[in-house]
Structures are given as structure tokens and as C-alpha cells.
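Asks: Got a structure here, written out as C-alpha cells. Questions coming.
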Amino acid sequence: MQDFPVFTTENGVSSLHLKQIPYRREAYIHVRDVQPGLLAEHLAECVSFCRMAGAEKVFACGSGELARYPLHTAVLEMRGNAWVDPQKLACLFPVTENTAARWREIYRERMACVDNASTLEAREERRLLESGGAYFVHEDGQLLGIGWVEDCRLLAMAAVKQGAGETVMHTLMSLVEGAQMTLEVASTNVRAIRLYEKLGFLKTAELSRWYRVG
């Protein structure tokens, strides 16, 4: 499904993110500019287009006027120093061409119920490989989870074994031990936030707020 970086109506301009429609039946509208007092009219046209493309839920961000709509989630930035507990250190196995599809499948399964989590498509496997920072986390031959770290940014983390999140995080932090790590998390992903806070990460910014508009 193709995104529309510039979607223009008589009342405003937005970016339409439609990539999630085939996977989650969700579309996202980033309002760029709108005529004063005409946000509702602009959104109506954007939502109508998203619906025709197959979206069952539509969310929007980018305008203070959106506060009149139900809040879906906020995207938070968290920062913390990467440190390692030797008692919670597993093994890292880099993603290869033969395993990229499996990594992406696990990511999609684990992120399916996480608000605003982006689905990785098959065409994005090349970026995954070229980054050199995507891994499987194993312990005693058992898969604990997956992760993706790039330039001290945690782009993805998911545990597949219950209770393994802390071990997966410590193992991923070993890649940049001593450096400050940055990550993004949905405000509704309470479990993940609790884990990050336990590891010393602090909320440093609210990057965006997404509201249910359709």
C-alpha cells in the first residue's frame, strides 16, 4: 500500500500513511497545514480516502485542534545509559539473509497489538541487513527475543519467552555498553515502559500525540 506524503484538499495538506492497512486495517494522518477552523472538513476528506483504501481505524496527529478527538496514544522518547547485568546476559546472533524473513515475522507477531507499531514489509529486509544491528537473542539454545540497535538507538525489542524482556534488553545494551541509548515507545505500552524504567530509562520527550478520528 502506497503512502501519500502530500495529500491536498481544499482546506489543508496532510501526509497519509497507509502502509499498515493490509496488516492492521489502520491508517495514519499527519496534518501539515490547515485553514483556520476547517480541520474537521479537511479530516473528513482524509478519512474518507483512508476508508476507501481499506482502513477500519484512522488516527491523526499534527494539530492542537485534534485534542477534541479521543486520544489514541502518545509516542514518548526515553533515554538511559546502557549497562549490563552479567547475570542477565544471553547470546546475540546477527540477522542474515537466510534469517531476515523469520526476524521480521517474529517482529510482526509481537508488535501486532502494540499501538502505533510499524509493520516491516519484505522489501525492508534489505535495510534490516544493511544496518548490521538486528539480532536474535538466545540462551542455552532457546530463543528469548529479538532486537534492533542502530547508532545507540533501540529501534525494536521484543521478547518471545515470558519474563525474558530484561535479559533481552541487557543483551542488546551490551552492544553499546556505557553509551546513552534512546528509544521510542507508545504511552499505552505500559509493560514496556515499566521495563525501561526499571532499567533506568527516563521519559525525556513526547514526540507526538495520535487521536482517533475515524
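We label chains A, B, ... in the order they appear in the C-alpha cells, count residues from 1 in each chain, and number ligands from 1 in the order shown.
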Give me the residues near A:Tyr28 as a ChimeraX atom specification, where near means some atom within 10 Å (using only C-alpha atoms) and where sequence neighbours in that chain fewer than 6 positions away do not count.
Replies: /A:3,14-21,46-47,50,55,57-61,116,210-213
Asks: What are the DSSP strand (DSSP E) residues of stretch 78-111 of chain A, as a PyMOL selection string?
Replies: chain A and resi 78-81+91-94
Asks: Now that the selection is made, can you save its residues with N, CA and C atoms as a short mmCIF file (atom, residue, chain, number, x, y, z; two decimals), in the first residue's frame?
Replies:
data_model
loop_
_atom_site.label_atom_id
_atom_site.label_comp_id
_atom_site.auth_asym_id
_atom_site.auth_seq_id
_atom_site.Cartn_x
_atom_site.Cartn_y
_atom_site.Cartn_z
N MET A 78 12.43 7.94 25.33
CA MET A 78 13.07 7.61 26.61
C MET A 78 14.57 7.48 26.38
N ARG A 79 15.33 7.90 27.39
CA ARG A 79 16.79 7.81 27.31
C ARG A 79 17.34 7.19 28.58
N GLY A 80 18.44 6.46 28.42
CA GLY A 80 19.08 5.86 29.58
C GLY A 80 20.47 5.37 29.21
N ASN A 81 21.31 5.21 30.22
CA ASN A 81 22.66 4.69 29.99
C ASN A 81 22.60 3.17 29.83
N CYS A 91 23.09 -14.67 24.43
CA CYS A 91 23.92 -14.65 23.22
C CYS A 91 23.19 -13.92 22.09
N LEU A 92 23.98 -13.21 21.29
CA LEU A 92 23.45 -12.47 20.15
C LEU A 92 23.80 -13.19 18.85
N PHE A 93 22.81 -13.34 17.99
CA PHE A 93 23.03 -13.92 16.67
C PHE A 93 22.54 -12.93 15.62
N PRO A 94 23.46 -12.38 14.82
CA PRO A 94 23.06 -11.38 13.81
C PRO A 94 22.08 -11.95 12.80
#
Asks: Between atom CA of A:Leu76 and atom CA of A:Val6, measure the distance and give it in Å to one decimal.
Replies: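 About the pair atom CA of A:Leu76 and atom CA of A:Val6: they are 25.2 Å apart.
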Asks: May I have the residues within 9 Å of A:Glu56 as an mmCIF file with all heavy atoms, in the first residue's frame, using only C-alpha atoms and disregarding those fewer than 3 positions away in the same chain?
Replies:
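Writing done, so here's part19.cif:
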data_model
loop_
_atom_site.group_PDB
_atom_site.id
_atom_site.type_symbol
_atom_site.label_atom_id
_atom_site.label_comp_id
_atom_site.auth_asym_id
_atom_site.auth_seq_id
_atom_site.Cartn_x
_atom_site.Cartn_y
_atom_site.Cartn_z
ATOM 1 N N ILE A 21 -2.468 -0.580 6.464
ATOM 2 C CA ILE A 21 -3.818 -1.049 6.136
ATOM 3 C C ILE A 21 -3.870 -2.552 5.846
ATOM 4 O O ILE A 21 -4.741 -3.254 6.378
ATOM 5 C CB ILE A 21 -4.407 -0.236 4.958
ATOM 6 C CG1 ILE A 21 -4.685 1.199 5.424
ATOM 7 C CG2 ILE A 21 -5.696 -0.875 4.445
ATOM 8 C CD1 ILE A 21 -5.204 2.117 4.333
ATOM 9 N N ARG A 24 -2.961 -4.151 9.628
ATOM 10 C CA ARG A 24 -3.684 -3.789 10.849
ATOM 11 C C ARG A 24 -5.006 -3.090 10.575
ATOM 12 O O ARG A 24 -5.713 -2.748 11.506
ATOM 13 C CB ARG A 24 -2.805 -2.871 11.709
ATOM 14 C CG ARG A 24 -1.466 -3.476 12.086
ATOM 15 C CD ARG A 24 -0.520 -2.427 12.635
ATOM 16 N NE ARG A 24 -0.967 -1.887 13.903
ATOM 17 C CZ ARG A 24 -0.334 -2.062 15.059
ATOM 18 N NH1 ARG A 24 0.767 -2.783 15.096
ATOM 19 N NH2 ARG A 24 -0.783 -1.533 16.166
ATOM 20 N N ARG A 25 -5.303 -2.859 9.312
ATOM 21 C CA ARG A 25 -6.510 -2.115 8.926
ATOM 22 C C ARG A 25 -6.532 -0.721 9.557
ATOM 23 O O ARG A 25 -7.585 -0.207 9.911
ATOM 24 C CB ARG A 25 -7.774 -2.886 9.310
ATOM 25 C CG ARG A 25 -7.925 -4.203 8.610
ATOM 26 C CD ARG A 25 -8.042 -4.009 7.114
ATOM 27 N NE ARG A 25 -8.051 -5.276 6.396
ATOM 28 C CZ ARG A 25 -7.916 -5.394 5.084
ATOM 29 N NH1 ARG A 25 -7.731 -4.323 4.348
ATOM 30 N NH2 ARG A 25 -7.924 -6.560 4.516
ATOM 31 N N GLU A 26 -5.341 -0.121 9.689
ATOM 32 C CA GLU A 26 -5.216 1.195 10.288
ATOM 33 C C GLU A 26 -4.526 2.153 9.322
ATOM 34 O O GLU A 26 -3.615 1.761 8.591
ATOM 35 C CB GLU A 26 -4.403 1.140 11.583
ATOM 36 C CG GLU A 26 -5.057 0.325 12.675
ATOM 37 C CD GLU A 26 -4.196 0.204 13.919
ATOM 38 O OE1 GLU A 26 -3.040 0.669 13.909
ATOM 39 O OE2 GLU A 26 -4.682 -0.366 14.923
ATOM 40 N N ALA A 27 -4.950 3.420 9.349
ATOM 41 C CA ALA A 27 -4.303 4.469 8.558
ATOM 42 C C ALA A 27 -3.982 5.632 9.488
ATOM 43 O O ALA A 27 -4.653 5.836 10.513
ATOM 44 C CB ALA A 27 -5.203 4.932 7.428
ATOM 45 N N CYS A 50 -8.895 7.305 3.281
ATOM 46 C CA CYS A 50 -8.328 6.163 4.007
ATOM 47 C C CYS A 50 -9.315 5.005 4.074
ATOM 48 O O CYS A 50 -8.929 3.837 3.944
ATOM 49 C CB CYS A 50 -7.920 6.585 5.412
ATOM 50 S SG CYS A 50 -6.538 7.755 5.475
ATOM 51 N N ARG A 51 -10.592 5.322 4.272
ATOM 52 C CA ARG A 51 -11.620 4.287 4.318
ATOM 53 C C ARG A 51 -11.713 3.565 2.971
ATOM 54 O O ARG A 51 -11.825 2.336 2.904
ATOM 55 C CB ARG A 51 -12.969 4.905 4.659
ATOM 56 C CG ARG A 51 -13.082 5.475 6.069
ATOM 57 C CD ARG A 51 -13.304 4.388 7.078
ATOM 58 N NE ARG A 51 -13.711 4.936 8.371
ATOM 59 C CZ ARG A 51 -13.658 4.276 9.500
ATOM 60 N NH1 ARG A 51 -13.208 3.021 9.500
ATOM 61 N NH2 ARG A 51 -14.021 4.807 10.643
ATOM 62 N N GLY A 214 -11.391 8.445 13.013
ATOM 63 C CA GLY A 214 -12.261 7.699 12.118
ATOM 64 C C GLY A 214 -12.224 6.212 12.390
ATOM 65 O O GLY A 214 -11.417 5.734 13.166
#
Asks: Going by DSSP on the backbone, which bits of stretch 6-195 of chain A are helix (DSSP H, G or I)? Write them as number ranges by chain, please.
Replies: A: 21-24, 39-52, 64-68, 86-88, 100-111, 122-131, 165-176, 190-195
Asks: Please report the interatomic distance between atom CA of A:Ile193 and atom CA of A:Arg153 in Å with one decimal.
Replies: 15.8 Å
Asks: Looking at only C-alpha atoms, which of A:Ala156, A:Glu125, A:Glu77, A:Met169 is the one that sits closest to A:Tyr107?
Replies: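 Once distances to A:Tyr107 are computed over only C-alpha atoms, the minimum belongs to A:Ala156.
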Asks: I'd like the contact shell of stretch 145-148 of chain A - 6 Å cut-off, only C-alpha atoms, skipping same-chain residues fewer than 4 positions apart - returned as JSON, numbers by chain.
Replies: {"A": [133, 134, 135, 136, 137, 155, 156, 157, 158, 159, 160]}
Asks: Grab the residues selected above and save them as an mmCIF file, in the first residue's frame with C-alpha atoms.
Replies:
data_model
loop_
_atom_site.group_PDB
_atom_site.id
_atom_site.type_symbol
_atom_site.label_atom_id
_atom_site.label_comp_id
_atom_site.auth_asym_id
_atom_site.auth_seq_id
_atom_site.Cartn_x
_atom_site.Cartn_y
_atom_site.Cartn_z
ATOM 1 C CA GLY A 133 22.207 -4.068 14.154
ATOM 2 C CA ALA A 134 19.386 -6.629 14.055
ATOM 3 C CA TYR A 135 19.760 -9.720 16.245
ATOM 4 C CA PHE A 136 18.147 -12.821 17.670
ATOM 5 C CA VAL A 137 18.755 -13.252 21.411
ATOM 6 C CA LEU A 155 14.671 0.587 17.042
ATOM 7 C CA ALA A 156 12.970 -2.637 18.116
ATOM 8 C CA MET A 157 12.854 -5.046 21.027
ATOM 9 C CA ALA A 158 10.521 -7.968 21.611
ATOM 10 C CA ALA A 159 10.683 -10.908 23.981
ATOM 11 C CA VAL A 160 9.176 -14.192 22.793
#
Asks: Which residues come within 10 Å of A:Glu45, counting only C-alpha atoms, excluding same-chain residues fewer than 3 positions away, as a PyMOL selection string?
Replies: chain A and resi 7-12+40-42+48-51
Asks: For the atom pair atom CA of A:Val31 and atom CA of A:Tyr69, what is the interatomic distance in Å to one decimal place?
Replies: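 Distance reported for this atom pair: 14.0 Å.
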Asks: Got a sec: who's within 10 Å of A:Lys161, counting only C-alpha atoms, leaving out chain neighbours fewer than 3 positions off, as a ChimeraX atom specification?
Replies: /A:142-145,158,164-165,168
Asks: Within 12 Å of A:Glu97, counting only C-alpha atoms, which residues qualify if same-chain residues fewer than 3 places away don't, as number ranges by chain?
Replies: A: 94, 100-104, 122, 125-130, 132, 134
